[in-house]
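Below: one structure, written as structure tokens.
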There are 4 protein chains.
Amino acid sequence: MIKVSIIGATGYAGGEILRILINHPGVHIEAINSNTYAEMKYDTLYSGYKKIFEESLESINIRELANRSDVIFMAMPNGKAMEFVNEELLNQTKVIDLSGDFRLKDIDLYEKWYKIKHQESKSLKKAVYGLTEWKRDSIKEARLIANPGCYTTCSLLTLLPLLKENLIDSSHIFIDGKSGVSGAGKGLALGTHYPECNENIKAYKVAEHRHTPEIEAFISDMTSQSINLNFTPHLVPMNRGILCSAYTVVNNGVTIKTIQEVYEHYYSEEPFIRFRGDKQMPETKWVKGSNYCDIGYKHDERTGHLMLFGVIDNMMKGAAGQAVQNMNLLFGLEEQIGLNQIPLTI
Amino acid sequence: MIKVSIIGATGYAGGEILRILINHPGVHIEAINSNTYAEMKYDTLYSGYKKIFEESLESINIRELANRSDVIFMAMPNGKAMEFVNEELLNQTKVIDLSGDFRLKDIDLYEKWYKIKHQESKSLKKAVYGLTEWKRDSIKEARLIANPGCYTTCSLLTLLPLLKENLIDSSHIFIDGKSGVSGAGKGLALGTHYPECNENIKAYKVAEHRHTPEIEAFISDMTSQSINLNFTPHLVPMNRGILCSAYTVVNNGVTIKTIQEVYEHYYSEEPFIRFRGDKQMPETKWVKGSNYCDIGYKHDERTGHLMLFGVIDNMMKGAAGQAVQNMNLLFGLEEQIGLNQIPLTI
Amino acid sequence: MIKVSIIGATGYAGGEILRILINHPGVHIEAINSNTYAEMKYDTLYSGYKKIFEESLESINIRELANRSDVIFMAMPNGKAMEFVNEELLNQTKVIDLSGDFRLKDIDLYEKWYKIKHQESKSLKKAVYGLTEWKRDSIKEARLIANPGCYTTCSLLTLLPLLKENLIDSSHIFIDGKSGVSGAGKGLALGTHYPECNENIKAYKVAEHRHTPEIEAFISDMTSQSINLNFTPHLVPMNRGILCSAYTVVNNGVTIKTIQEVYEHYYSEEPFIRFRGDKQMPETKWVKGSNYCDIGYKHDERTGHLMLFGVIDNMMKGAAGQAVQNMNLLFGLEEQIGLNQIPLTI
Amino acid sequence: MIKVSIIGATGYAGGEILRILINHPGVHIEAINSNTYAEMKYDTLYSGYKKIFEESLESINIRELANRSDVIFMAMPNGKAMEFVNEELLNQTKVIDLSGDFRLKDIDLYEKWYKIKHQESKSLKKAVYGLTEWKRDSIKEARLIANPGCYTTCSLLTLLPLLKENLIDSSHIFIDGKSGVSGAGKGLALGTHYPECNENIKAYKVAEHRHTPEIEAFISDMTSQSINLNFTPHLVPMNRGILCSAYTVVNNGVTIKTIQEVYEHYYSEEPFIRFRGDKQMPETKWVKGSNYCDIGYKHDERTGHLMLFGVIDNMMKGAAGQAVQNMNLLFGLEEQIGLNQIPLTI
């Protein structure tokens with residue numbers, strides 16, 4: 001059994017990791033940690049866990065925790081994980097971090113977009129970006145995994161095959177992201193107060209969202225080509241789910257047949273990616289509560305432009321689900337173990 | 001492996017049975033059946049099932065189906081199951097019926113409330129009412145299980161301990177039921193058209209809902225005492241969940257201590273019932289997506305009256321979950337197998 | 001033109017008063033006041049008001065404000081209005097207060113339920129409870145109106161005719177209140193964070209809600225009879241609307257005909273009350289955005305019990321709408337002026 | 001008083017026209033018409049209208065109706081208005097049609113996108129496209145107004161100033177439309193059944209939505225330049241509101257200053273358009289229930305691309321509101337009369 005600890009199990013992403021791992025056959029939950037809620041029983045905070053998981057939260061003693069854990073999930077606000085992670089820690093245990101701290105290799109880029117001074121460049125160099133389907137081999141060998149952002153995961157899985165094969169014009173890519181409100185986390189804010197965001201849709205952080213450089217950096221990494229694109233997130237009045245609608249231009253000579261074949265080549269064997277072709281545009285409900293990413297596209301013959309649609313559950317493939325998928329790889333388990341949740345179509 | 005068939009797997013309740021059974025370790029899904037959608041692949045109807053369950057629906061040949069199946073789940077509109085069920089069929093296979101056809105032992109009562117002529121009184125006599133926690137022994141021996149209604153399950157689990165021990169005045173019981181819209185099923189109607197029922201709450205079928213005689217009949221069965229009560233259902237703008245708020249009067253001399261002890265006596269060992277005492281009033285979210293029933297109460301010292309609150313997921317404990325729980329009993333499996341879904345608190 | 005000021009125009013109730021008064025033909029808005037947001041333009045806080053109402057908020061100088069205003073609406077948290085209101089102020093201007101400060105004549109009762117020391121017993125004595133349809137004559141003469149609570153308004157309008165005529169058993173009244181989330185106000189709390197209260201229903205403040213003594217006290221006032229009843233509020237995932245479902249027992253000899261006639265007697269001429277009889281159970285959508293209160297009932301022949309249903313828009317008839325209705329009376333205007341908003345059925 | 005009739009007052013758009021006109025000081029509602037619901041009282045169909053509007057629907061006798069009416073609003077499915085409209089009718093009365101029948105001057109284009117044979121080319125030639133802010137002079141003289149589509153209105157108002165002044169690259173325009181469910185109308189369909197579209201977001205009719213040629217045709221009309229663009233609608237789980245996010249590329253030399261000035265030039269004096277600049281991205285809630293269109297933009301310095309955001313209430317400025325605005329013009333009234341509804345921010 002893998003001994004697992006979760007720092008930040010009281011937030012939405014950390015809670016979702018716990019929800020998955022409780023039923024994971026290869027895992028022992030060693031500890032759940034939170035300085036704010038230390039000593040509290042988990043089912044006191046989350047009443048739904050009564051008779052399911054009634055352990056108490058522990059305050060964070062990182063050394064001691066590393067000794068007891070084969071892997072630590074860190075699900076904290078940006079800037080916190082780098083206070084805990086360093087070479088010594090990574091010698092003791094493995095870390096899967098869900099924040100943005102270890103996603104951008106370029107420290108200047110991190111500091112510019114996050115407005116936080118980066119303190120742990122050494123570990124950053126060793127961090128592996130955990131977009132499972134595109135980094136399997138590196139993930140298996142990693143000590144520190146930077147689990148991708150939710151919008152990023154959805155955007156990259158949708159765009160990468162076409163960019164990798166150079167089928168679309170990388171100077172004209174517009175991603176219109178649409179997310180359920182859980183993506184904003186558990187912290188209180190007027191924008192997520194029920195009467196304010198119910199019956200409303202809006203764009204937010206336009207041209208400023210931190211997942212933008214993350215998308216660009218990983219595309220560059222995969223295609224050895226620098227790229228700038230537009231990512232515009234929107235808040236949708238629902239709890240879970242992300243839909244990324246991407247708009248772009250097809251390169252000369254590219255046909256629907258090519259697009260179709262490229263997607264099939266990359267994804268037909270993938271357990272968690274379901275390519276839908278150009279007849280079915282995916283809906284967030286098709287993946288709700290599960291670790292799937294569904295992708296469809298449409299080529300508009302009138303304009304020659306291409307529309308791509310990717311959906312994930314932001315809490316699952318966009319956060320906790322992918323983190324567990326990475327953990328499975330990290331410990332040589334079958335990738336799908338513990339991730340057999342079926343979409344809640346209703 | 002138990003060979004299972006599901007008639008009506010394209011409706012909400014039948015679909016939920018399928019969702020549970022796909023991950024059930026003791027079950028082989030022999031067939032899913034629908035005359036309307038025969039030959040169609042399930043993942044064509046429910047796109048979320050791609051790569052999960054891609055079998056085709058079969059038209060209903062009941063004899064042949066009985067030969068291939070250890071148990072048949074019937075999830076059809078009222079009046080349909082009794083066309084299929086008879087002694088011969090029950091000799092071949094077991095049946096768990098989710099409709100109202102075999103819930104009321106009194107045929108006159110059935111015909112009065114359902115406006116349908118009952119055609120199968122022989123099987124009706126043998127049917128066991130499948131409120132698991134209160135009928136375990138009979139369920140284990142049954143050939144035909146009448147799976148309880150959603151509101152009924154929630155109301156009965158909440159009220160029965162107090163009625164059984166004669167703690168409350170059975171002539172003053174008011175149940176205010178509140179259900180998510182999935183309870184109305186998949187059939188189209190103006191009342192469940194999104195713009196009509198979104199941002200709205202209403203009572204419906206006041207003094208006319210068919211779960212009323214079902215609640216009364218089972219209470220009479222359990223307490224050997226005739227009872228008439230008021231049940232008033234309301235439609236809540238959300239997908240899943242039932243909250244039954246019950247209002248009643250405490251009998252002379254009954255104290256909070258008695259109430260507390262009686263509930264604990266009946267339910268503390270129950271795997272799927274979580275008694276919350278008088279400090280936590282349960283919310284539907286605490287059980288969403290799971291098979292739990294949570295119960296709380298409050299005694300109002302000012303009036304001497306008692307308020308009871310029970311919640312379930314109407315699709316799970318209120319339909320498919322309880323049906324699978326009953327199936328487990330029916331085949332000697334551990335009752336909780338396949339029902340380890342954790343509430344989706346978000 | 002009536003010169004009006006609104007203290008607390010940045011909250012939900014105060015904002016709704018402003019929304020109504022901007023289009024009110026007999027009103028000049030003299031000032032909107034808030035110490036927290038003083039100097040800010042209203043359309044900066046509420047972007048929807050651009051080109052509609054772009055005045056700046058003023059800090060609260062109560063004497064000066066009284067000099068400029070024929071009436072001051074106070075829409076502040078409980079305990080604040082009594083800091084401003086006193087005899088001197090009421091000699092200068094009229095006050096319509098939307099808090100609980102002047103609703104309960106019994107100071108002990110106020111202090112017990114509100115846990116706040118009452119500081120202004122003199123003004124309290126003169127305050128008129130502003131349930132318009134039942135206090136018209138007193139309202140016309142008032143200097144200080146205590147505008148009723150939202151649940152209270154809905155409960156009282158529904159119950160009063162039957163209690164006044166002694167048709168129901170006042171020792172068995174259970175009110176199950178269901179409110180949209182705007183009723184909880186603009187203050188941030190985990191319980192009104194979108195992902196928490198969306199897709200959820202729950203009871204709250206069971207046996208402890210402050211509208212309980214308010215309902216009881218006004219019934220006593222109207223019927224000269226002491227009464228204790230149960231009021232249980234529930235939070236519904238929608239923005240606006242209150243449905244009160246009341247359960248009770250009919251007194252000996254009372255028939256449907258009597259009930260029908262009594263309601264018609266009291267309400268058939270009322271402009272804002274729409275009695276629906278026993279064939280139409282009202283829905284919150286029927287009154288959304290308007291000042292109407294719709295009432296229906298059902299007598300259950302099987303049990304002899306009575307179910308009553310009242311709906312209002314909690315922001316309108318439950319707060320700002322009724323406040324303006326009272327203002328109209330207070331200044332001799334036609335009661336309906338400015339309140340011709342038609343329900344937004346979609 | 002203008003004598004007005006509404007054909008199709010039982011649908012969502014027709015009902016919204018009625019809601020506005022009941023309070024319009026210059027209008028007498030002569031008749032509401034529907035063959036399906038003839039003789040029925042309006043408040044029987046829409047219970048919210050009791051005591052507000054209790055007239056009966058009349059079956060459609062178009063000649064007789066024309067005689068009694070100064071203007072007829074037609075709010076019917078596509079293909080129906082052209083059965084009623086012809087030169088003779090337009091000599092008798094004016095018509096404001098909310099369907100697509102008279103929006104596209106090119107009959108081939110209409111037949112290709114609507115799959116309906118056009119039968120009334122003569123009237124089509126005389127029809128004026130009713131995008132108020134851009135066609136005022138023609139509207140004043142019209143006999144037949146083709147009221148614009150909801151997405152079209154929002155897209156055009158957002159894009160036209162920049163296209164008219166040639167600031168953006170017309171070969172790279174992607175419009176991502178997001179609409180509340182009322183846009184799909186009152187007709188029942190699985191996709192708008194509450195449990196299906198609640199908690200879900202999806203694109204639909206990708207590259208096939210009929211508002212696409214309507215947007216293109218009017219841009220061509222205004223700029224004398226042929227254009228092809230991508231329009232992709234999405235269904236959002238809320239009742240009202242449209243947000244169009246448009247992505248495009250700025251022409252050489254165009255600065256933020258130019259964009260800002262052009263928008264201000266066209267819209268600063270417009271009563272129903274509120275230009276927000278590049279600091280406020282508009283939300284649908286800012287216009288909910290009102291006739292406003294709010295527009296914002298953001299230039300992304302990193303990519304040189306431009307993001308535009310326009311919001312309307314699809315039932316108001318996107319249908320009934322604009323129709324009444326056009327009626328006001330048609331009869332020489334002040335354009336804003338009857339349209340002073342303030343956004344329901346909650």
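If you're wondering about the labels, chains in the structure tokens are A, B, ... by order shown, residues count from 1 in each chain, ligands from 1 in order shown.
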Given only C-alpha atoms, how would the per-residue table for region 165-277 of chain B near region 288-302 of chain B read, listing every residue at most 7 Å away with its closest atom pair and distance in Å to one decimal, sorted by chain and number, as a tab-separated table?
residue	atom	partner	partner_atom	distance
B:Arg240	CA	B:Lys288	CA	7.0
B:Gly241	CA	B:Lys288	CA	6.5
B:Phe272	CA	B:Tyr292	CA	4.6
B:Ile273	CA	B:Cys293	CA	4.9
B:Arg274	CA	B:Asp294	CA	4.7
B:Phe275	CA	B:Ile295	CA	4.9
B:Arg276	CA	B:Gly296	CA	4.8
B:Gly277	CA	B:Gly296	CA	5.2
Would you mind exporting the chosen residues as a PDB file, in the first residue's frame, restricted to all heavy atoms?
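again-v9.pdb was written with the following content:
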ATOM      1  N   ARG B 240     -30.589  16.476  -8.105  1.00  0.00           N
ATOM      2  CA  ARG B 240     -30.736  15.307  -7.253  1.00  0.00           C
ATOM      3  C   ARG B 240     -31.025  15.709  -5.819  1.00  0.00           C
ATOM      4  O   ARG B 240     -30.575  16.756  -5.381  1.00  0.00           O
ATOM      5  CB  ARG B 240     -29.432  14.510  -7.215  1.00  0.00           C
ATOM      6  CG  ARG B 240     -29.137  13.703  -8.420  1.00  0.00           C
ATOM      7  CD  ARG B 240     -27.716  13.179  -8.321  1.00  0.00           C
ATOM      8  NE  ARG B 240     -27.439  12.349  -9.468  1.00  0.00           N
ATOM      9  CZ  ARG B 240     -27.298  11.014  -9.416  1.00  0.00           C
ATOM     10  NH1 ARG B 240     -27.340  10.386  -8.265  1.00  0.00           N
ATOM     11  NH2 ARG B 240     -27.090  10.331 -10.512  1.00  0.00           N
ATOM     12  N   GLY B 241     -31.633  14.796  -5.092  1.00  0.00           N
ATOM     13  CA  GLY B 241     -31.766  14.983  -3.668  1.00  0.00           C
ATOM     14  C   GLY B 241     -33.209  15.109  -3.224  1.00  0.00           C
ATOM     15  O   GLY B 241     -34.041  15.703  -3.913  1.00  0.00           O
ATOM     16  N   PHE B 272     -25.858   2.419   6.075  1.00  0.00           N
ATOM     17  CA  PHE B 272     -26.253   3.520   5.186  1.00  0.00           C
ATOM     18  C   PHE B 272     -27.119   4.583   5.860  1.00  0.00           C
ATOM     19  O   PHE B 272     -27.609   5.494   5.207  1.00  0.00           O
ATOM     20  CB  PHE B 272     -26.960   2.987   3.938  1.00  0.00           C
ATOM     21  CG  PHE B 272     -26.037   2.288   3.003  1.00  0.00           C
ATOM     22  CD1 PHE B 272     -26.206   0.937   2.689  1.00  0.00           C
ATOM     23  CD2 PHE B 272     -24.972   2.974   2.428  1.00  0.00           C
ATOM     24  CE1 PHE B 272     -25.338   0.295   1.816  1.00  0.00           C
ATOM     25  CE2 PHE B 272     -24.093   2.335   1.554  1.00  0.00           C
ATOM     26  CZ  PHE B 272     -24.284   0.984   1.251  1.00  0.00           C
ATOM     27  N   ILE B 273     -27.353   4.433   7.148  1.00  0.00           N
ATOM     28  CA  ILE B 273     -28.134   5.463   7.829  1.00  0.00           C
ATOM     29  C   ILE B 273     -27.229   6.189   8.819  1.00  0.00           C
ATOM     30  O   ILE B 273     -26.515   5.565   9.608  1.00  0.00           O
ATOM     31  CB  ILE B 273     -29.360   4.858   8.542  1.00  0.00           C
ATOM     32  CG1 ILE B 273     -30.228   4.157   7.488  1.00  0.00           C
ATOM     33  CG2 ILE B 273     -30.160   5.955   9.262  1.00  0.00           C
ATOM     34  CD1 ILE B 273     -31.580   3.734   7.950  1.00  0.00           C
ATOM     35  N   ARG B 274     -27.239   7.490   8.718  1.00  0.00           N
ATOM     36  CA  ARG B 274     -26.388   8.295   9.584  1.00  0.00           C
ATOM     37  C   ARG B 274     -27.270   9.222  10.408  1.00  0.00           C
ATOM     38  O   ARG B 274     -27.796  10.208   9.907  1.00  0.00           O
ATOM     39  CB  ARG B 274     -25.390   9.086   8.735  1.00  0.00           C
ATOM     40  CG  ARG B 274     -24.557   8.176   7.827  1.00  0.00           C
ATOM     41  CD  ARG B 274     -23.443   8.899   7.097  1.00  0.00           C
ATOM     42  NE  ARG B 274     -23.906   9.867   6.144  1.00  0.00           N
ATOM     43  CZ  ARG B 274     -23.135  10.434   5.213  1.00  0.00           C
ATOM     44  NH1 ARG B 274     -21.828  10.088   5.142  1.00  0.00           N
ATOM     45  NH2 ARG B 274     -23.617  11.317   4.375  1.00  0.00           N
ATOM     46  N   PHE B 275     -27.434   8.859  11.666  1.00  0.00           N
ATOM     47  CA  PHE B 275     -28.275   9.643  12.561  1.00  0.00           C
ATOM     48  C   PHE B 275     -27.470  10.830  13.072  1.00  0.00           C
ATOM     49  O   PHE B 275     -26.342  10.678  13.548  1.00  0.00           O
ATOM     50  CB  PHE B 275     -28.766   8.758  13.711  1.00  0.00           C
ATOM     51  CG  PHE B 275     -29.541   9.514  14.735  1.00  0.00           C
ATOM     52  CD1 PHE B 275     -30.680  10.235  14.386  1.00  0.00           C
ATOM     53  CD2 PHE B 275     -29.137   9.511  16.067  1.00  0.00           C
ATOM     54  CE1 PHE B 275     -31.394  10.937  15.345  1.00  0.00           C
ATOM     55  CE2 PHE B 275     -29.844  10.204  17.025  1.00  0.00           C
ATOM     56  CZ  PHE B 275     -30.978  10.931  16.661  1.00  0.00           C
ATOM     57  N   ARG B 276     -28.053  12.011  12.972  1.00  0.00           N
ATOM     58  CA  ARG B 276     -27.316  13.250  13.244  1.00  0.00           C
ATOM     59  C   ARG B 276     -27.688  13.900  14.573  1.00  0.00           C
ATOM     60  O   ARG B 276     -27.171  14.970  14.898  1.00  0.00           O
ATOM     61  CB  ARG B 276     -27.603  14.256  12.127  1.00  0.00           C
ATOM     62  CG  ARG B 276     -27.189  13.774  10.734  1.00  0.00           C
ATOM     63  CD  ARG B 276     -25.695  13.830  10.570  1.00  0.00           C
ATOM     64  NE  ARG B 276     -25.253  13.412   9.252  1.00  0.00           N
ATOM     65  CZ  ARG B 276     -24.016  13.611   8.815  1.00  0.00           C
ATOM     66  NH1 ARG B 276     -23.116  14.198   9.582  1.00  0.00           N
ATOM     67  NH2 ARG B 276     -23.656  13.189   7.626  1.00  0.00           N
ATOM     68  N   GLY B 277     -28.628  13.326  15.305  1.00  0.00           N
ATOM     69  CA  GLY B 277     -29.033  13.933  16.570  1.00  0.00           C
ATOM     70  C   GLY B 277     -29.790  15.224  16.353  1.00  0.00           C
ATOM     71  O   GLY B 277     -30.374  15.444  15.285  1.00  0.00           O
TER      72      GLY B 277
END
| task | Provide as a list in words the residues of chain D at most 7 Å from chain C, counting only C-alpha atoms. | result |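 Taking only C-alpha atoms into account, Arg19, Ser47, Gly48, Asn239, Trp286, Val287, Ile342, Pro343, Thr345 and Ile346 of chain D sit within 7 Å of chain C.
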Serialized selection, N, CA, C and O atoms, as a PDB file, in the first residue's frame:
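Writing done, so here's out31.pdb:
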ATOM      1  N   ARG D  19     -45.635  41.783 -21.691  1.00  0.00           N
ATOM      2  CA  ARG D  19     -45.188  42.263 -20.382  1.00  0.00           C
ATOM      3  C   ARG D  19     -44.749  43.721 -20.450  1.00  0.00           C
ATOM      4  O   ARG D  19     -45.059  44.526 -19.564  1.00  0.00           O
ATOM      5  N   SER D  47     -50.118  32.034 -15.086  1.00  0.00           N
ATOM      6  CA  SER D  47     -50.794  32.340 -13.829  1.00  0.00           C
ATOM      7  C   SER D  47     -50.307  33.635 -13.198  1.00  0.00           C
ATOM      8  O   SER D  47     -51.035  34.270 -12.435  1.00  0.00           O
ATOM      9  N   GLY D  48     -49.084  34.032 -13.509  1.00  0.00           N
ATOM     10  CA  GLY D  48     -48.541  35.248 -12.933  1.00  0.00           C
ATOM     11  C   GLY D  48     -49.280  36.510 -13.357  1.00  0.00           C
ATOM     12  O   GLY D  48     -49.095  37.571 -12.774  1.00  0.00           O
ATOM     13  N   ASN D 239     -31.585  31.348 -17.046  1.00  0.00           N
ATOM     14  CA  ASN D 239     -32.785  31.631 -17.826  1.00  0.00           C
ATOM     15  C   ASN D 239     -32.568  32.668 -18.923  1.00  0.00           C
ATOM     16  O   ASN D 239     -32.945  32.454 -20.075  1.00  0.00           O
ATOM     17  N   TRP D 286     -25.750  42.513 -15.523  1.00  0.00           N
ATOM     18  CA  TRP D 286     -25.831  43.970 -15.563  1.00  0.00           C
ATOM     19  C   TRP D 286     -26.993  44.453 -16.427  1.00  0.00           C
ATOM     20  O   TRP D 286     -27.385  45.628 -16.332  1.00  0.00           O
ATOM     21  N   VAL D 287     -27.517  43.598 -17.278  1.00  0.00           N
ATOM     22  CA  VAL D 287     -28.603  44.018 -18.188  1.00  0.00           C
ATOM     23  C   VAL D 287     -29.875  43.201 -18.001  1.00  0.00           C
ATOM     24  O   VAL D 287     -30.862  43.401 -18.704  1.00  0.00           O
ATOM     25  N   ILE D 342     -35.314  48.448 -14.979  1.00  0.00           N
ATOM     26  CA  ILE D 342     -33.959  48.513 -14.425  1.00  0.00           C
ATOM     27  C   ILE D 342     -33.436  47.096 -14.249  1.00  0.00           C
ATOM     28  O   ILE D 342     -34.174  46.214 -13.825  1.00  0.00           O
ATOM     29  N   PRO D 343     -32.171  46.861 -14.601  1.00  0.00           N
ATOM     30  CA  PRO D 343     -31.633  45.498 -14.467  1.00  0.00           C
ATOM     31  C   PRO D 343     -31.853  44.920 -13.069  1.00  0.00           C
ATOM     32  O   PRO D 343     -31.656  45.611 -12.060  1.00  0.00           O
ATOM     33  N   THR D 345     -30.322  43.181 -10.645  1.00  0.00           N
ATOM     34  CA  THR D 345     -28.973  42.693 -10.360  1.00  0.00           C
ATOM     35  C   THR D 345     -29.009  41.444  -9.481  1.00  0.00           C
ATOM     36  O   THR D 345     -28.068  40.662  -9.475  1.00  0.00           O
ATOM     37  N   ILE D 346     -30.096  41.249  -8.779  1.00  0.00           N
ATOM     38  CA  ILE D 346     -30.271  40.007  -8.004  1.00  0.00           C
ATOM     39  C   ILE D 346     -31.483  39.273  -8.540  1.00  0.00           C
ATOM     40  O   ILE D 346     -32.540  39.854  -8.736  1.00  0.00           O
TER      41      ILE D 346
END
| Near-Ile29 (chain C) list (10 Å; only C-alpha atoms; drop same-chain fewer than 5 positions) as a list of chain:residue names | C:Met1, C:Ile2, C:Lys3, C:Val4, C:Ser5, C:Ile6, C:Leu18, C:Leu21, C:Ile22, C:His24, C:Glu55, C:Ser69
Residue selection dump (N, CA, C and O atoms) as a PDB file, in the first residue's frame:
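Writing the result to part10.pdb gives the following:
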ATOM      1  N   MET C   1     -43.367  66.266  -4.887  1.00  0.00           N
ATOM      2  CA  MET C   1     -42.509  65.086  -4.854  1.00  0.00           C
ATOM      3  C   MET C   1     -42.060  64.800  -3.425  1.00  0.00           C
ATOM      4  O   MET C   1     -41.594  65.684  -2.709  1.00  0.00           O
ATOM      5  N   ILE C   2     -42.121  63.529  -3.067  1.00  0.00           N
ATOM      6  CA  ILE C   2     -41.645  63.122  -1.754  1.00  0.00           C
ATOM      7  C   ILE C   2     -40.125  63.028  -1.795  1.00  0.00           C
ATOM      8  O   ILE C   2     -39.563  62.362  -2.661  1.00  0.00           O
ATOM      9  N   LYS C   3     -39.469  63.689  -0.856  1.00  0.00           N
ATOM     10  CA  LYS C   3     -38.008  63.610  -0.802  1.00  0.00           C
ATOM     11  C   LYS C   3     -37.605  62.417   0.057  1.00  0.00           C
ATOM     12  O   LYS C   3     -37.921  62.351   1.244  1.00  0.00           O
ATOM     13  N   VAL C   4     -36.903  61.486  -0.580  1.00  0.00           N
ATOM     14  CA  VAL C   4     -36.608  60.206   0.059  1.00  0.00           C
ATOM     15  C   VAL C   4     -35.107  60.012   0.212  1.00  0.00           C
ATOM     16  O   VAL C   4     -34.350  60.328  -0.704  1.00  0.00           O
ATOM     17  N   SER C   5     -34.694  59.465   1.351  1.00  0.00           N
ATOM     18  CA  SER C   5     -33.307  59.016   1.498  1.00  0.00           C
ATOM     19  C   SER C   5     -33.297  57.538   1.875  1.00  0.00           C
ATOM     20  O   SER C   5     -34.234  57.041   2.505  1.00  0.00           O
ATOM     21  N   ILE C   6     -32.247  56.869   1.469  1.00  0.00           N
ATOM     22  CA  ILE C   6     -32.125  55.434   1.746  1.00  0.00           C
ATOM     23  C   ILE C   6     -30.787  55.183   2.421  1.00  0.00           C
ATOM     24  O   ILE C   6     -29.726  55.346   1.812  1.00  0.00           O
ATOM     25  N   LEU C  18     -34.252  51.264  -3.960  1.00  0.00           N
ATOM     26  CA  LEU C  18     -33.782  52.230  -4.950  1.00  0.00           C
ATOM     27  C   LEU C  18     -34.293  51.874  -6.342  1.00  0.00           C
ATOM     28  O   LEU C  18     -34.771  52.729  -7.090  1.00  0.00           O
ATOM     29  N   LEU C  21     -37.828  52.954  -6.571  1.00  0.00           N
ATOM     30  CA  LEU C  21     -38.094  54.402  -6.460  1.00  0.00           C
ATOM     31  C   LEU C  21     -37.587  55.203  -7.654  1.00  0.00           C
ATOM     32  O   LEU C  21     -38.131  56.263  -7.972  1.00  0.00           O
ATOM     33  N   ILE C  22     -36.549  54.708  -8.319  1.00  0.00           N
ATOM     34  CA  ILE C  22     -36.045  55.427  -9.496  1.00  0.00           C
ATOM     35  C   ILE C  22     -37.176  55.642 -10.506  1.00  0.00           C
ATOM     36  O   ILE C  22     -37.267  56.694 -11.138  1.00  0.00           O
ATOM     37  N   HIS C  24     -40.444  55.589  -9.655  1.00  0.00           N
ATOM     38  CA  HIS C  24     -41.664  56.006  -8.949  1.00  0.00           C
ATOM     39  C   HIS C  24     -41.973  57.459  -9.316  1.00  0.00           C
ATOM     40  O   HIS C  24     -41.132  58.343  -9.112  1.00  0.00           O
ATOM     41  N   GLU C  55     -25.587  58.580  -9.023  1.00  0.00           N
ATOM     42  CA  GLU C  55     -25.301  59.440  -7.876  1.00  0.00           C
ATOM     43  C   GLU C  55     -24.267  58.796  -6.953  1.00  0.00           C
ATOM     44  O   GLU C  55     -24.064  57.594  -6.980  1.00  0.00           O
ATOM     45  N   SER C  69     -35.135  65.297   4.134  1.00  0.00           N
ATOM     46  CA  SER C  69     -35.932  64.152   3.685  1.00  0.00           C
ATOM     47  C   SER C  69     -37.328  64.148   4.294  1.00  0.00           C
ATOM     48  O   SER C  69     -37.500  64.413   5.478  1.00  0.00           O
TER      49      SER C  69
END
| message | Using DSSP assignments from the backbone, pull out every residue in region 59-248 of chain A that falls under alpha helix (DSSP H) and give it to me as a ChimeraX atom specification. | response | /A:62-68,81-84,87-92,107-114,121-126,132-141,150-164,194-197,211-223
| request: Could you give me, as an MDAnalysis selection string, the residues within 7 Å of region 117-120 of chain D, counting only C-alpha atoms and dropping anything in the same chain fewer than 5 positions from it? | output: chainID D and resid 82 86 107 111
Next, write the just-selected residues to a file, as a PDB file, in the first residue's frame, keeping C-alpha atoms as the atom set.
ATOM      1  CA  MET D  82     -44.593  35.142 -44.421  1.00  0.00           C
ATOM      2  CA  ASN D  86     -48.201  40.727 -48.008  1.00  0.00           C
ATOM      3  CA  ILE D 107     -33.801  34.593 -50.714  1.00  0.00           C
ATOM      4  CA  GLU D 111     -33.734  29.023 -48.104  1.00  0.00           C
TER       5      GLU D 111
END
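CA of Ala127 (chain A) is positioned 11.8 Å from CA of Pro148 (chain A).
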